[in-house]
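A.B. asks: Take a look at this one; I'll ask things after.
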Amino acid sequence: MSTAEEPLTAGRDGLLSLLRNGQLPSRGAKAPQRERYQRIVAAAMELASEGGYDAVQMRAIADRAGVALGTVYRYFPSKNHMLVMGLLMVFEGMRSRFENVTIPGDTPSERILFVLRKNTEVLEKDRPRYEALVRAFMFADASASAELDAFGALMTEMFAKTIGVEQISDDQLNAIRVIGDVWMSSLVSWVAGRISVDEVMAHLGLAVRLVFRRLGG
């Protein structure tokens, strides 16, 4: 049975609930444990901004967060696991930006492309950090499965809100998954320096139009 000091193993729905309710790393955690957990993730994000993926080292994170190295490993078995959690937090922030606003566009395709453009532009504002987060997503192993599953669920939720549906049909769900996959694969190419943000959006524009053509928008 997990304790507040053990690595998080919640499923995707439970993890999103913990994140949104400020309960990480677990519902049973005390306030100092929550604060320590947040400091660790924040330290990793700061190091990523300063020096990219290679600057994020477990010892450096512990020093920056003011905790023992063993405490860092207690929450996160690897830096990839930790950075995937950071990525999940970033995308949750992106989702919440559009939660209570009317998204412009006459069709689902136009609305999705608007959200994708706004969210992709965010990544350019701190390129070293977001390159590190995307690299971690690429390299993450099974230890981060809860975070990866939660990320997929979050993306589905964000795009469902964007196209304006409460209940997602199987076709819509498949369309959303394809778009999410194209977005992440395009970001991998962006991290590698092979394409620009404008080219990312060109890939996404083509994918969105092709996928939603048969869905009427």
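Chain labels run A, B, ... following the order of the structure tokens; each chain numbers its residues from 1, and ligands are numbered from 1 in the order shown.
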Within 12 Å of Tyr53 (chain A), counting only C-alpha atoms, which residues qualify if same-chain residues fewer than 2 places away don't, as JSON, numbers by chain?

C.D. replies: {"A": [44, 45, 46, 47, 48, 49, 50, 51, 55, 56, 57, 58, 79, 80, 82, 83, 84, 127, 128, 129, 130, 131, 132, 133, 134, 135, 136, 137, 138, 139, 191]}

A.B. asks: Could you tell me, as a VMD selection string, which residues of region 68-188 of chain A DSSP assigns to alpha helix (DSSP H) when given the backbone?

C.D. replies: chain A and resid 69 to 75 79 to 97 108 to 124 127 to 139 145 to 163 170 to 188

A.B. asks: If I take CA of Leu15 (chain A) and CA of Ala150 (chain A), how far is one from the other in Å, to one decimal?

C.D. replies: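 Distance reported for this atom pair: 6.6 Å.
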